Amino acid sequence: MKWFKRNISQYTAVFFILLCAYLLVFSGISSTDDEQLFSVITANLAYGKGYSALPLFGNDRLQGKAGGVEPLHSIIGIPLVISADHFNLGKAQILFLLPAVYTALTGALLVCIAELKGASSKTAAMLGLSYGLGTIALPYARMNFREPLAALLITTAVLCLELSKNAPDHHLKQILYPFLSLISLGLAVLTKITTALVVPFFVFSYLTQKQIWKKENRTHSITIGLAAIIFLTLAGFILQSILPANSLSRFTLQFLNYIRYTLPRLPHDHFWLAAAGLLFSPGKGLFIYSPMLILSMISPFLKSSKLANWMPYVGALLGLTAVQAIIYNDQWWSITWGTRALLPVFPLAALAALPALDAGLNHPKKQIRMGTISLLIIGVSVQIGRLLASDPVYANWAVQFTGREISALSQWDLRLMPLYRHWQLAFNGRTSDIAWLHISRNGFQLTITVILLALIGISIGISYLIKNKERKPYSLIILLIGFFALLLTPISARFDQRYYGSVPIFDELTLEVCAISNNEDLILVDAYLKPYWWFYMNFGCSKPDWVGLPYIHETAIHREQFYPRMNEISSLIHNRLDNHNQVFLIQSPQEQSPPYSNEIEKRKFTVIPKFISRENILEFFAVE
């Protein structure tokens, strides 16, 4: 590990440059219901509420169901949620630090892998920074999705595989590193099941190593294979016994049979259009929204490139593209920035681009060097668009502009191209989702401190990489600055007005609810996505279960207002009351719509007022 100790300052510098950059544009708020789902599952797991999503009951797509989503990303966030609850910080906000750390670590590991492959320190550092700042890894480092964790774990698997190639013959490391690579891949699959597709490509990469076919190493190879089989079997039994019910529903024979039955019956008439859209469309194209990856298509034509190293990386990328196109057909797209479905294998694509990047940065012709650097700068500029305007803002604009819902064909419409429409929305006064633009006056000084620390950390890290002088002072300084910036971020984000933490009545009522409620009680919050729902999701009680009720709907013909799924809500109330638990309703009265309390009374329940604010902002009832 001498090489690691020798270069650890460089890895530290790249990690904290990326992390400080992500903290500088920290979001801290969900732009999709999937992000809300991960936050809710983590909070429920943290307090023993099981694998459920009742706070999203009012979401018409999820309807309070967790959907058997893979568990690892949610589990890792448990300590953060518990810490946030203990220190009265935002439980939802703090989880947005995880993708930032995942992505910064991925960038640092890419530097490490590049150096193991023989790249210069300059090229290796540029690879890590270009991945973290010049691809869609940047916007997703600020969003609470699981793909950044999957990307980190796959990158770790690559690192372990590279280390095994350099291990001496007859050495324990020849067994240890492939085994660690296998564990990392298994954890990636526990994060997102489609990443199982990359396993065959790793096996291929491992089998192409000449040393494993030597007679003296065959025993090691057989040992690794047997250890893998035993480990996977034991891991399956252990995980099944310790993880929450339903969290492994996608890893059962029943789910496999469901896929085998369903997949051939799904329509596949848009396969080629979907695959092309993921890679080249104006709305989502991989090579448009992460232009540095264009270099991966140049690498195989270089003399310095080994095709055996290039093929598994690009094969995994194309394989995951095919899976997305097969499963989702004309629904391959999403409203989020770029091709999120491919993000787990972006580090592999970046490594496939390494030979071309190295050749471009070290080319004797100045034009080639400047062209390579320009491509990396363009990649960073592309991501700025997503920082200026959020995905929901863009989606709302696109629907209003076209008069119809966004579809797969919309991704090919140049008039709707997010690449420049996000910029246009920003220039037209649409506010970015960067948290520091939404901080109340009380948190202004703390926010300025976070921003200054982040800028100083970036400056020191870049200075180190450029000057490449004595490492220890730089490492220690950037470590301290990065640590304090990371620590102060959730404290400062506590004043984000989008969570209504500065509304006194919200705090006052929540304290009363927390004081009188117990573990098995139920809080009904009217309604999903209303101000108090956002507040309670971030600062609510940890003890009782709570439900984000559906917002009011209208009938298609007569436009009559109604609350959907009232039968299910009644069943929830009955179950709690029958078990001698309390049920409370918190509603925000509106003049133009009937209150939830009236709808509940129609179901033969008694609604007793407990607290009504003077401004009539919130009403608190006991349901009996």
# chains A, B, ... in the order shown; residues from 1 in each chain; ligands from 1
>>> residues_around(residues="Pro282 in chain A", least_positions_apart="6", cutoff="8 Å", atoms="only C-alpha atoms", output="list in words")
Ile288, Gln411, Trp412, Asp413, Leu414, Met417, Pro418 and Leu419 of chain A
>>> residues_around(residues="Ala527 in chain A", least_positions_apart="3", cutoff="10 Å", atoms="only C-alpha atoms", output="ChimeraX atom specification")
/A:55-59,524,530-534,547-552,586-588,596
>>> closest_residue(among="A:Asp85, A:Asp358, A:Glu568, A:Glu508", to="Ala119 in chain A", atoms="only C-alpha atoms")
A:Asp358
>>> select_by_dssp(residues="range 466-586 of chain A", states="helix (DSSP H, G or I)", output="ChimeraX atom specification")
/A:466-467,471-493,497-499,504-516,531-539,566-578
>>> residues_around(residues="Leu302 in chain A", least_positions_apart="4", cutoff="10 Å", atoms="only C-alpha atoms", output="list in words")
Ile298, Lys306, Leu307, Pro355, Ala356 and Ala359 of chain A
>>> closest_residue(among="A:Leu618, A:Leu509, A:Leu278, A:Ile491", to="Gln445 in chain A", atoms="only C-alpha atoms")
A:Ile491
>>> residues_around(residues="Asn396 in chain A", least_positions_apart="5", cutoff="12 Å", atoms="only C-alpha atoms", output="list in words")
Ile335, Ala389, Ser390, Asp391, Phe401, Thr402, Gly403, Arg404, Glu405, Ile406, Leu416, His422, Leu425 and Arg430 of chain A
>>> write_last_selection(atoms="N, CA and C atoms", output="mmCIF file, in the first residue's frame")
data_model
loop_
_atom_site.group_PDB
_atom_site.id
_atom_site.type_symbol
_atom_site.label_atom_id
_atom_site.label_comp_id
_atom_site.auth_asym_id
_atom_site.auth_seq_id
_atom_site.Cartn_x
_atom_site.Cartn_y
_atom_site.Cartn_z
ATOM 1 N N ILE A 335 -38.357 12.788 -15.760
ATOM 2 C CA ILE A 335 -38.261 14.253 -15.799
ATOM 3 C C ILE A 335 -36.923 14.753 -15.263
ATOM 4 N N ALA A 389 -32.026 25.831 -12.639
ATOM 5 C CA ALA A 389 -33.475 25.583 -12.565
ATOM 6 C C ALA A 389 -33.691 24.113 -12.242
ATOM 7 N N SER A 390 -34.685 23.828 -11.429
ATOM 8 C CA SER A 390 -34.927 22.450 -10.983
ATOM 9 C C SER A 390 -35.724 21.668 -12.022
ATOM 10 N N ASP A 391 -35.746 20.366 -11.879
ATOM 11 C CA ASP A 391 -36.499 19.503 -12.787
ATOM 12 C C ASP A 391 -38.011 19.774 -12.738
ATOM 13 N N PHE A 401 -46.010 24.879 -22.031
ATOM 14 C CA PHE A 401 -45.557 25.314 -23.354
ATOM 15 C C PHE A 401 -46.188 24.484 -24.467
ATOM 16 N N THR A 402 -46.280 23.162 -24.259
ATOM 17 C CA THR A 402 -46.796 22.274 -25.307
ATOM 18 C C THR A 402 -48.287 22.001 -25.174
ATOM 19 N N GLY A 403 -48.826 22.176 -23.970
ATOM 20 C CA GLY A 403 -50.235 21.883 -23.748
ATOM 21 C C GLY A 403 -50.519 20.400 -23.626
ATOM 22 N N ARG A 404 -49.489 19.604 -23.422
ATOM 23 C CA ARG A 404 -49.685 18.156 -23.247
ATOM 24 C C ARG A 404 -48.605 17.611 -22.314
ATOM 25 N N GLU A 405 -48.809 16.380 -21.866
ATOM 26 C CA GLU A 405 -47.850 15.767 -20.959
ATOM 27 C C GLU A 405 -46.530 15.477 -21.679
ATOM 28 N N ILE A 406 -45.445 15.435 -20.888
ATOM 29 C CA ILE A 406 -44.147 15.081 -21.436
ATOM 30 C C ILE A 406 -44.156 13.597 -21.784
ATOM 31 N N LEU A 416 -37.793 21.780 -26.723
ATOM 32 C CA LEU A 416 -37.926 21.475 -25.296
ATOM 33 C C LEU A 416 -36.593 21.103 -24.650
ATOM 34 N N HIS A 422 -33.327 25.210 -19.337
ATOM 35 C CA HIS A 422 -33.059 25.467 -17.922
ATOM 36 C C HIS A 422 -32.420 26.848 -17.745
ATOM 37 N N LEU A 425 -35.168 29.460 -18.268
ATOM 38 C CA LEU A 425 -36.042 29.567 -17.098
ATOM 39 C C LEU A 425 -35.374 30.374 -15.998
ATOM 40 N N ARG A 430 -37.021 32.194 -12.639
ATOM 41 C CA ARG A 430 -37.313 30.985 -11.866
ATOM 42 C C ARG A 430 -36.162 30.719 -10.900
#
>>> residues_around(residues="Leu465 in chain A", least_positions_apart="4", cutoff="9 Å", atoms="only C-alpha atoms", output="list in words")
Gln10, Ala13, Val14, Ser121, Lys122, Ala125, Ile460, Gly461 and Lys469 of chain A
>>> write_last_selection(atoms="C-alpha atoms", output="CSV table (one decimal), in the first residue's frame")
chain,number,residue,atom,x,y,z
A,10,GLN,CA,-4.0,13.8,-4.0
A,13,ALA,CA,-7.6,16.9,-2.5
A,14,VAL,CA,-9.9,15.6,-5.2
A,121,SER,CA,-1.0,12.2,-11.6
A,122,LYS,CA,-2.3,15.1,-13.7
A,125,ALA,CA,-6.8,14.0,-11.0
A,460,ILE,CA,-6.7,25.0,-1.4
A,461,GLY,CA,-7.4,21.7,-3.1
A,469,LYS,CA,4.3,20.6,-3.2
>>> closest_residue(among="A:Phe605, A:Phe202, A:Tyr528, A:Tyr563", to="Leu159 in chain A", atoms="only C-alpha atoms")
A:Phe202
>>> atom_distance(atom1="CA of Lys610 in chain A", atom2="CA of Asn88 in chain A")
24.9 Å
>>> atom_distance(atom1="CA of Leu476 in chain A", atom2="CA of Ala137 in chain A")
26.6 Å
>>> residues_around(residues="Phe444 in chain A", least_positions_apart="2", cutoff="12 Å", atoms="only C-alpha atoms", output="list in words")
Ala435, Trp436, Leu437, His438, Ile439, Ser440, Arg441, Asn442, Leu446, Thr447, Ile448, Thr449, Val450, Ile451, Ile491, Ser492, Ala493, Arg494, Phe495, Asp496 and Gln497 of chain A
>>> residues_around(residues="Met311 in chain A", least_positions_apart="3", cutoff="12 Å", atoms="only C-alpha atoms", output="PyMOL selection string")
chain A and resi 201-202+204-205+208+296-297+299-300+305-308+314-319+348-349+351-353
>>> write_last_selection(atoms="C-alpha atoms", output="compact mmCIF listing (two decimals), in the first residue's frame")
# COMPACT_ATOMS: atom_id res chain seq x y z
CA PHE A 201 -18.51 -8.07 -17.26
CA PHE A 202 -16.48 -8.12 -14.04
CA PHE A 204 -14.96 -11.48 -17.88
CA SER A 205 -12.43 -8.84 -16.81
CA THR A 208 -8.79 -12.20 -18.80
CA SER A 296 -14.73 6.58 -24.33
CA MET A 297 -15.64 6.10 -28.00
CA SER A 299 -10.14 5.20 -26.70
CA PRO A 300 -10.28 1.86 -28.60
CA SER A 305 -5.48 1.43 -25.28
CA LYS A 306 -6.04 -2.25 -24.49
CA LEU A 307 -9.28 -3.52 -25.98
CA ALA A 308 -9.58 -6.16 -23.25
CA VAL A 314 -18.44 -0.12 -22.45
CA GLY A 315 -20.22 -3.48 -22.44
CA ALA A 316 -21.64 -2.77 -18.97
CA LEU A 317 -22.83 0.66 -20.14
CA LEU A 318 -24.53 -0.70 -23.25
CA GLY A 319 -25.96 -3.63 -21.27
CA LEU A 348 -16.89 2.56 -15.91
CA ALA A 349 -17.56 4.82 -18.89
CA LEU A 351 -12.46 4.66 -17.11
CA ALA A 352 -13.14 3.64 -20.71
CA ALA A 353 -12.42 7.28 -21.62
>>> closest_residue(among="A:Ser597, A:Ser571, A:Gln174, A:Gln590", to="Pro609 in chain A", atoms="only C-alpha atoms")
A:Ser597
>>> closest_residue(among="A:Ala196, A:Leu127, A:Cys160, A:Leu480", to="Gly360 in chain A", atoms="only C-alpha atoms")
A:Leu127
